[in-house]
$ cat target08.txt   # compact mmCIF, C-alpha atoms
# COMPACT_ATOMS: atom_id res chain seq x y z
CA MET A 238 111.21 107.83 58.38
CA THR A 239 113.67 110.56 57.53
CA ALA A 240 116.92 111.06 59.40
CA ARG A 241 115.54 114.37 60.66
CA ARG A 242 112.77 112.50 62.54
CA LEU A 243 114.79 109.39 63.41
CA ILE A 244 117.56 111.16 65.37
CA PRO A 245 115.23 112.78 67.97
CA ALA A 246 113.38 109.49 68.35
CA LEU A 247 116.64 107.63 69.01
CA LEU A 248 117.73 110.27 71.51
CA CYS A 249 114.53 109.70 73.51
CA LEU A 250 114.91 105.91 73.55
CA PRO A 251 117.17 105.78 76.67
CA LEU A 252 114.57 107.79 78.62
CA VAL A 253 111.81 105.39 77.61
CA LEU A 254 113.92 102.36 78.58
CA VAL A 255 114.72 103.86 82.00
CA ALA A 256 111.02 104.50 82.59
CA TRP A 257 110.23 100.85 81.77
CA THR A 258 113.03 99.43 83.92
CA PRO A 259 111.52 97.74 87.00
CA PHE A 260 112.35 99.31 90.35
CA HIS A 261 113.78 96.97 92.98
CA LEU A 262 114.06 97.66 96.66
CA GLU A 263 117.54 97.86 98.08
CA LEU A 264 118.62 97.61 101.69
CA PHE A 265 120.01 101.06 102.60
CA GLY A 266 120.87 100.44 106.23
CA SER A 267 120.06 98.52 109.36
CA PHE A 268 120.55 98.24 113.09
CA PRO A 269 122.65 96.37 113.81
CA ASP A 270 124.53 97.09 110.59
CA GLU A 271 126.20 94.50 108.39
CA ASP A 272 129.35 93.11 110.06
CA GLU A 273 128.83 95.42 113.06
CA VAL A 274 130.05 94.30 116.48
CA ILE A 275 127.78 95.49 119.28
CA ALA A 276 128.52 95.11 123.00
CA GLU A 277 125.00 94.03 124.04
CA ALA A 278 122.08 92.33 122.35
CA PRO A 279 119.70 94.81 120.69
CA ASP A 280 116.17 95.40 122.00
CA VAL A 281 114.93 96.13 118.47
CA VAL A 282 116.22 95.39 114.97
CA TRP A 283 115.30 97.57 112.00
CA LEU A 284 115.96 97.57 108.28
CA GLU A 285 115.81 100.62 106.00
CA PHE A 286 114.96 100.19 102.33
CA SER A 287 115.15 102.44 99.27
CA ALA A 288 111.33 102.67 99.21
CA ALA A 289 108.41 101.70 101.40
CA PRO A 290 108.06 97.91 101.53
CA ASP A 291 104.65 96.24 101.41
CA MET A 292 104.32 94.95 104.99
CA SER A 293 102.18 92.01 103.87
CA ARG A 294 105.13 90.72 101.78
CA SER A 295 108.13 91.91 103.81
CA SER A 296 109.81 90.45 106.89
CA PHE A 297 113.08 89.35 108.42
CA SER A 298 114.37 86.68 110.77
CA ILE A 299 117.47 86.30 112.93
CA ARG A 300 119.42 83.09 113.54
CA GLY A 301 122.42 82.44 115.70
CA GLU A 302 124.35 79.39 116.84
CA GLY A 303 121.45 78.52 119.16
CA GLY A 304 118.85 78.70 116.40
CA ALA A 305 116.14 81.23 115.58
CA VAL A 306 115.77 84.33 117.75
CA GLU A 307 112.19 85.11 118.75
CA LEU A 308 110.98 88.44 117.36
CA GLY A 309 107.86 90.49 117.96
CA ASP A 310 105.48 91.50 115.18
CA MET A 311 106.95 93.23 112.13
CA GLU A 312 105.87 96.85 111.94
CA VAL A 313 106.66 100.06 110.11
CA GLY A 314 109.54 101.86 111.79
CA GLU A 315 110.24 105.60 112.06
CA GLY A 316 109.62 106.18 108.35
CA GLU A 317 107.70 104.35 105.66
CA GLU A 318 110.96 102.83 104.38
CA PHE A 319 111.70 101.07 107.69
CA ILE A 320 110.52 97.75 109.06
CA GLN A 321 111.34 96.74 112.60
CA ALA A 322 110.67 94.12 115.24
CA ASP A 323 111.36 93.89 118.97
CA VAL A 324 113.82 91.19 119.98
CA LEU A 325 111.97 88.92 122.43
CA GLY A 326 114.43 86.02 122.58
CA GLU A 327 117.79 85.83 124.28
CA MET A 328 120.87 86.68 122.28
CA ALA A 329 124.07 85.39 123.82
CA ALA A 330 127.46 86.54 122.61
CA GLY A 331 128.06 85.30 119.07
CA THR A 332 127.41 85.93 115.40
CA TYR A 333 123.87 86.28 114.08
CA THR A 334 122.47 86.24 110.55
CA VAL A 335 119.58 88.48 109.53
CA SER A 336 117.67 87.09 106.53
CA TRP A 337 115.16 89.42 104.91
CA ILE A 338 112.63 89.59 102.12
CA ALA A 339 111.00 92.82 100.98
CA ALA A 340 108.84 94.05 98.13
CA PRO A 341 107.19 97.31 97.20
CA ALA A 342 103.45 97.15 96.53
CA ASP A 343 103.96 97.08 92.74
CA ASP A 344 107.02 94.88 92.18
CA HIS A 345 108.49 91.50 93.01
CA ALA A 346 110.30 90.65 96.24
CA VAL A 347 114.04 90.78 96.77
CA ARG A 348 115.99 88.86 99.41
CA GLY A 349 119.21 89.33 101.28
CA ARG A 350 121.13 88.47 104.40
CA PHE A 351 123.89 89.87 106.54
CA ASP A 352 125.72 89.05 109.77
CA PHE A 353 126.39 91.02 112.94
CA THR A 354 128.09 90.07 116.18
CA VAL A 355 127.02 90.50 119.80
CA GLY A 356 130.01 90.75 122.16
CA GLU A 357 133.60 90.70 121.02
CA ALA A 358 134.42 89.74 117.46
CA ARG A 359 135.89 86.27 117.08
$ encode --input "target08.txt" --output "structure tokens"
Amino acid sequence: MTARRLIPALLCLPLVLVAWTPFHLELFGSFPDEDEVIAEAPDVVWLEFSAAPDMSRSSFSIRGEGGAVELGDMEVGEGEEFIQADVLGEMAAGTYTVSWIAAPADDHAVRGRFDFTVGEAR
């Protein structure tokens, strides 16, 4: 291959590599937010992702000092990128950990966790 043909081919290589790079969901936001201190226990918890998660492979749980918090069914929130669940269990003052797993329909799952506090920060 001549240099005249090789240079344009090399210039296109980064575009091809970006197109082949797998897309992974990222957590964009939540309620409650990471490290947020809220006065009262939430009625609903939602997570927002960078793309629509596959609901059959996406969920979250909440644990506090007293153990797991009972949640309602996971459902799509206000937009396709949101999943949410009603909080059915009691949430006393304290720190809670949200653990989540999410995957788009055409990629592998990603996991994460974050804490928030109900009541005054300790």
$ closest_residue --input "target08.txt" --among "A:Val355, A:Leu264, A:Ala305, A:Ala278" --to "Gly331 of chain A" --atoms "all atoms listed in the file"
A:Val355
$ atom_distance --input "target08.txt" --atom1 "atom CA of Ala342 of chain A" --atom2 "atom CA of Glu315 of chain A"
18.9 Å
$ closest_residue --input "target08.txt" --among "A:Arg350, A:Arg300, A:Arg294, A:His261" --to "Val324 of chain A" --atoms "all atoms listed in the file"
A:Arg300
$ closest_residue --input "target08.txt" --among "A:Val274, A:Leu262, A:Ala329, A:Val335" --to "Ala288 of chain A" --atoms "all atoms listed in the file"
A:Leu262
$ residues_around --input "target08.txt" --residues "Gly266 of chain A" --least-positions-apart "2" --cutoff "12 Å" --atoms "only C-alpha atoms" --output "PDB file with C-alpha atoms, in the frame of the given file"
ATOM      1  CA  GLU A 263     117.540  97.860  98.080  1.00  0.00           C
ATOM      2  CA  LEU A 264     118.620  97.610 101.690  1.00  0.00           C
ATOM      3  CA  PHE A 268     120.550  98.240 113.090  1.00  0.00           C
ATOM      4  CA  PRO A 269     122.650  96.370 113.810  1.00  0.00           C
ATOM      5  CA  ASP A 270     124.530  97.090 110.590  1.00  0.00           C
ATOM      6  CA  GLU A 271     126.200  94.500 108.390  1.00  0.00           C
ATOM      7  CA  ASP A 272     129.350  93.110 110.060  1.00  0.00           C
ATOM      8  CA  GLU A 273     128.830  95.420 113.060  1.00  0.00           C
ATOM      9  CA  VAL A 282     116.220  95.390 114.970  1.00  0.00           C
ATOM     10  CA  TRP A 283     115.300  97.570 112.000  1.00  0.00           C
ATOM     11  CA  LEU A 284     115.960  97.570 108.280  1.00  0.00           C
ATOM     12  CA  GLU A 285     115.810 100.620 106.000  1.00  0.00           C
ATOM     13  CA  PHE A 286     114.960 100.190 102.330  1.00  0.00           C
ATOM     14  CA  SER A 287     115.150 102.440  99.270  1.00  0.00           C
ATOM     15  CA  GLU A 318     110.960 102.830 104.380  1.00  0.00           C
ATOM     16  CA  PHE A 319     111.700 101.070 107.690  1.00  0.00           C
ATOM     17  CA  ILE A 320     110.520  97.750 109.060  1.00  0.00           C
ATOM     18  CA  PHE A 351     123.890  89.870 106.540  1.00  0.00           C
TER      19      PHE A 351
END
$ closest_residue --input "target08.txt" --among "A:Ala322, A:Met328, A:Ile299, A:Leu308" --to "Glu277 of chain A" --atoms "only C-alpha atoms"
A:Met328
$ atom_distance --input "target08.txt" --atom1 "atom CA of Ile338 of chain A" --atom2 "atom CA of Met311 of chain A"
12.1 Å
$ closest_residue --input "target08.txt" --among "A:Glu317, A:Glu327, A:Glu357, A:Asp291" --to "Asp343 of chain A" --atoms "only C-alpha atoms"
A:Asp291
